[in-house]
Amino acid sequence: MQDHTQHHQHGHHDDAGTTSRSAVTEAPSAHANAHPHPTGHDHGGDHAVHTSGQHAGHSTAMFRNRFWLTLALSVPVVFFSPMMGHLLGYMPPQFPGSAWIPPVLGTVIFLYGGQPFLRGGLQELKDRRPGMMLLIAMAITVAFAASWVTSLGLGGFDLDFWWELALLVAIMLLGHWIEMRALGSAQGALDALAALLPDEAERVTDAGTETVPVSELRPGDLVLVRPGARMPADGTVADGRAEFDESMITGESRTVARGPGDAVVAGTVATDTGVRVRVTAVGDDTALAGIQRLVAEAQASSSRAQALADRAAAFLFYFAAGAGVLTFIAWTLLGSVPEAVTRTVTVLVIACPHALGLAIPLVIAISTEQAARAGVLIKNRMALERMRTVDVVLFDKTGTLTKGEPELRDLAAVESVDPDELLALAAAVESDSEHPVARAIVRAARERGLPVPAASGFSSLAGRGVRAGVDGRTLHVGGPALLRELGAVEPAALAATTHGWRERGASVLHVLDGGRVLGAVSLEDAVRPESRQAVEALQNRGVTVAMVTGDAWQVARAVAADLNIDEVFAEVLPADKDKKVAELQGRGLKVAMVGDGVNDSPALARAEVGIAIGAGTDVAMESAGVVLAGNDPRAVLSMVDLSRASYRKMWQNLVWATGYNILSVPLAAGVLAFAGVVLSPAAGAVLMSASTVVVALNAQLLRRLKLNPAEVR
């Protein structure tokens, strides 16, 4: 934390810049314009559209709608299926045309419900990267063709797979719907960054001001930025002084003073008074646009991993295709072509188990639900899979490990002054101010139950401090600039104390009665009590803990020593946090980044796992694969434990699903036919359904995992 004398160097109410304030009174305050997100991407919602991978061009709503219609059509297909009637011991109703219900509705299911898989399978075939889509497409296509051959009575085959086709398509649509609901979208981060810019700006002309689209601004233009409005472009303050909220860029919660000649950045907010700003950069040349590019590049670099289920599906595709070819050749050579067709079709249909389609989505869905109960929002399934492999968790300091707001830490009074009286007087002077430092002093006095005397004549001394009358005395609160102005000398004993405070990075403010120093108070960005437990628990799990901050080294070292953090990066510029993640990755480490500001978003996107604090900015949350609903860093532990537990369940389900195939496919192929053991199509379908039940029940065991951050050890 930088010295909070900045707070009193500019004061709470700027006495300069009267031109700006008078200009602001001409019209109501203009708050930041609500800049809507582009309409084509409803990220995380029902219509989230994915542009890469097996879900390219698919939306959550598409899978959902196709699933419900397919499920509705599947009911009569299954009910009127002779094979299902035989298995369950009932006779399907017979009436003119009843035999055509499964073929007709099954064809609709194949063409409508199966369309995403057919297209996806064709694309995987073209890309020569077989995966889940091709495996599903192969199974439903073979089932469709074989079932029509049976329905038309061609060749005397008994390969009625209409009910199996219907259930396979329905279950796979359900699995993909569940899966896509858990997926995040990279484009959302860029949309949220764009939303930080207003749509319009007030350009100053010789005739007054005119409202123009931000796209029309050019370097050299003079713009009026009203209180509460966002900067439309990068520039320098030409007239007036204001407190700027730069948290969306720097991640620091405290406002900073900006006056004539100071640089201001697009997307930041003038909080208290209006200023006139000379534009220096617009559009793609702004600092915000640079962050957008970093986010896009970082996301592109981390989107190439292949999901675990896809690797299993690729293996099963080659296994099934090879087994099918060998089955057909073997039975043909044995002189039984009809049996060769029957055995081959059975192999190819049951090669795509329902269990594989639900193995991962079910685990993800239950994991997401369990995480949400623990205050963790999982936006991206790859983040869930990767968290177990993380070697180092890199925390942003301000607002993550610390509270992100000043808190009174120490106070020291001269010999003749009672410390409680000193704090009460400081609180009285600050009571009319809304600045975070003032609120911290007043809050500390109230927490100690001190009677705060009434103050009058409050005024802000730009660049020095604040002043007010208390009990007939004129008191000041401020930093070094105020001491110099009043010609006050800090007593040696007090100076020794405040020097130690500054050494650890605290902000130091003095309380003065006229030219006499009564004492001093120190304020620091308070460490969250939960942070110590989070750091220790991560280290106990073999995970290294690092911290990155823009604060000075003495501040960073003090926090790191307090929390026993393994590695520290301090005095890091906003745009360079991304580089620190890359630096760690360059050592061969897998990184989870935890942050809360716009300046953290490139680093969140670059890391193997990006974790945003929920109280942070929209951009940070959009850039991250995981969002913590609260500010408790212990929730990161919940993510680690959940990732490890869910990965075990994924593997258990995949082992079951693929193991079933490895055993059932050879039996369906007839390798034990010589011993009288042959897996019939009906039996294969039943076993496939049983496999799905086992997978579903195994996934439910994840609900026993306790993820309450307060109970983390």
# chains A, B, ... in the order shown; residues from 1 in each chain; ligands from 1
call {"tool": "select_by_dssp", "arguments": {"residues": "range 507-546 of chain A", "states": "helix (DSSP H, G or I)", "output": "number ranges by chain"}}
result
A: 529-540
call {"tool": "write_last_selection", "arguments": {"atoms": "all heavy atoms", "output": "tab-separated table (two decimals), in the first residue's frame"}}
result
chain	number	residue	atom	x	y	z
A	529	PRO	N	-8.33	-12.34	7.75
A	529	PRO	CA	-7.99	-13.42	8.68
A	529	PRO	C	-7.99	-14.79	7.99
A	529	PRO	O	-7.22	-15.68	8.36
A	529	PRO	CB	-9.09	-13.33	9.74
A	529	PRO	CG	-9.59	-11.92	9.65
A	529	PRO	CD	-9.47	-11.54	8.21
A	530	GLU	N	-8.87	-14.94	6.98
A	530	GLU	CA	-8.96	-16.23	6.28
A	530	GLU	C	-7.73	-16.53	5.43
A	530	GLU	O	-7.49	-17.69	5.07
A	530	GLU	CB	-10.20	-16.25	5.38
A	530	GLU	CG	-11.50	-15.93	6.09
A	530	GLU	CD	-11.78	-14.43	6.12
A	530	GLU	OE1	-10.93	-13.65	5.61
A	530	GLU	OE2	-12.83	-14.03	6.65
A	531	SER	N	-6.97	-15.48	5.08
A	531	SER	CA	-5.84	-15.67	4.18
A	531	SER	C	-4.77	-16.57	4.78
A	531	SER	O	-4.17	-17.39	4.09
A	531	SER	CB	-5.23	-14.32	3.80
A	531	SER	OG	-6.16	-13.53	3.09
A	532	ARG	N	-4.53	-16.42	6.08
A	532	ARG	CA	-3.50	-17.25	6.73
A	532	ARG	C	-3.85	-18.73	6.63
A	532	ARG	O	-3.01	-19.57	6.33
A	532	ARG	CB	-3.34	-16.83	8.18
A	532	ARG	CG	-2.82	-15.41	8.37
A	532	ARG	CD	-2.65	-15.05	9.84
A	532	ARG	NE	-2.18	-13.68	9.97
A	532	ARG	CZ	-2.98	-12.62	10.01
A	532	ARG	NH1	-4.29	-12.79	9.93
A	532	ARG	NH2	-2.48	-11.40	10.12
A	533	GLN	N	-5.11	-19.03	6.91
A	533	GLN	CA	-5.55	-20.42	6.84
A	533	GLN	C	-5.49	-20.95	5.42
A	533	GLN	O	-5.11	-22.11	5.19
A	533	GLN	CB	-6.97	-20.52	7.38
A	533	GLN	CG	-7.43	-21.96	7.62
A	533	GLN	CD	-8.81	-22.02	8.25
A	533	GLN	OE1	-9.39	-20.98	8.57
A	533	GLN	NE2	-9.32	-23.22	8.45
A	534	ALA	N	-5.84	-20.11	4.43
A	534	ALA	CA	-5.82	-20.54	3.04
A	534	ALA	C	-4.40	-20.85	2.59
A	534	ALA	O	-4.15	-21.88	1.94
A	534	ALA	CB	-6.42	-19.45	2.15
A	535	VAL	N	-3.46	-19.98	2.93
A	535	VAL	CA	-2.06	-20.19	2.52
A	535	VAL	C	-1.51	-21.46	3.15
A	535	VAL	O	-0.88	-22.30	2.49
A	535	VAL	CB	-1.20	-18.97	2.91
A	535	VAL	CG1	0.28	-19.27	2.70
A	535	VAL	CG2	-1.61	-17.74	2.10
A	536	GLU	N	-1.75	-21.63	4.44
A	536	GLU	CA	-1.23	-22.82	5.14
A	536	GLU	C	-1.83	-24.10	4.57
A	536	GLU	O	-1.12	-25.10	4.37
A	536	GLU	CB	-1.54	-22.71	6.63
A	536	GLU	CG	-1.01	-23.89	7.45
A	536	GLU	CD	-1.34	-23.77	8.93
A	536	GLU	OE1	-1.99	-22.77	9.31
A	536	GLU	OE2	-0.97	-24.67	9.70
A	537	ALA	N	-3.13	-24.08	4.30
A	537	ALA	CA	-3.79	-25.28	3.79
A	537	ALA	C	-3.29	-25.63	2.39
A	537	ALA	O	-3.12	-26.82	2.06
A	537	ALA	CB	-5.30	-25.08	3.78
A	538	LEU	N	-3.06	-24.63	1.55
A	538	LEU	CA	-2.52	-24.90	0.22
A	538	LEU	C	-1.13	-25.52	0.31
A	538	LEU	O	-0.81	-26.49	-0.40
A	538	LEU	CB	-2.46	-23.60	-0.60
A	538	LEU	CG	-3.77	-23.12	-1.21
A	538	LEU	CD1	-3.62	-21.71	-1.76
A	538	LEU	CD2	-4.22	-24.07	-2.33
A	539	GLN	N	-0.30	-24.96	1.18
A	539	GLN	CA	1.05	-25.50	1.34
A	539	GLN	C	1.01	-26.92	1.88
A	539	GLN	O	1.83	-27.76	1.49
A	539	GLN	CB	1.86	-24.57	2.26
A	539	GLN	CG	2.16	-23.22	1.62
A	539	GLN	CD	2.68	-22.19	2.61
A	539	GLN	OE1	2.44	-22.30	3.81
A	539	GLN	NE2	3.38	-21.18	2.12
A	540	ASN	N	0.06	-27.21	2.75
A	540	ASN	CA	-0.08	-28.58	3.26
A	540	ASN	C	-0.47	-29.56	2.16
A	540	ASN	O	-0.22	-30.76	2.29
A	540	ASN	CB	-1.13	-28.63	4.37
A	540	ASN	CG	-0.66	-27.95	5.65
A	540	ASN	OD1	0.54	-27.76	5.85
A	540	ASN	ND2	-1.60	-27.56	6.51
call {"tool": "residues_around", "arguments": {"residues": "Pro213 in chain A", "least_positions_apart": "5", "cutoff": "10 Å", "atoms": "only C-alpha atoms", "output": "list in words"}}
result
Pro198, Asp199, Glu200, Ala201, Glu202, Arg203 and Pro232 of chain A
call {"tool": "residues_around", "arguments": {"residues": "range 69-73 of chain A", "least_positions_apart": "4", "cutoff": "10 Å", "atoms": "only C-alpha atoms", "output": "list in words"}}
result
Arg64, Asn65, Val77, Val78, Ile101, Pro102, Leu105, Gly106, Val108, Ile109, Phe110, Tyr112, Gly113, Gly114, Ala166, Leu167, Val169, Ala170, Ile171, Leu173 and Leu174 of chain A
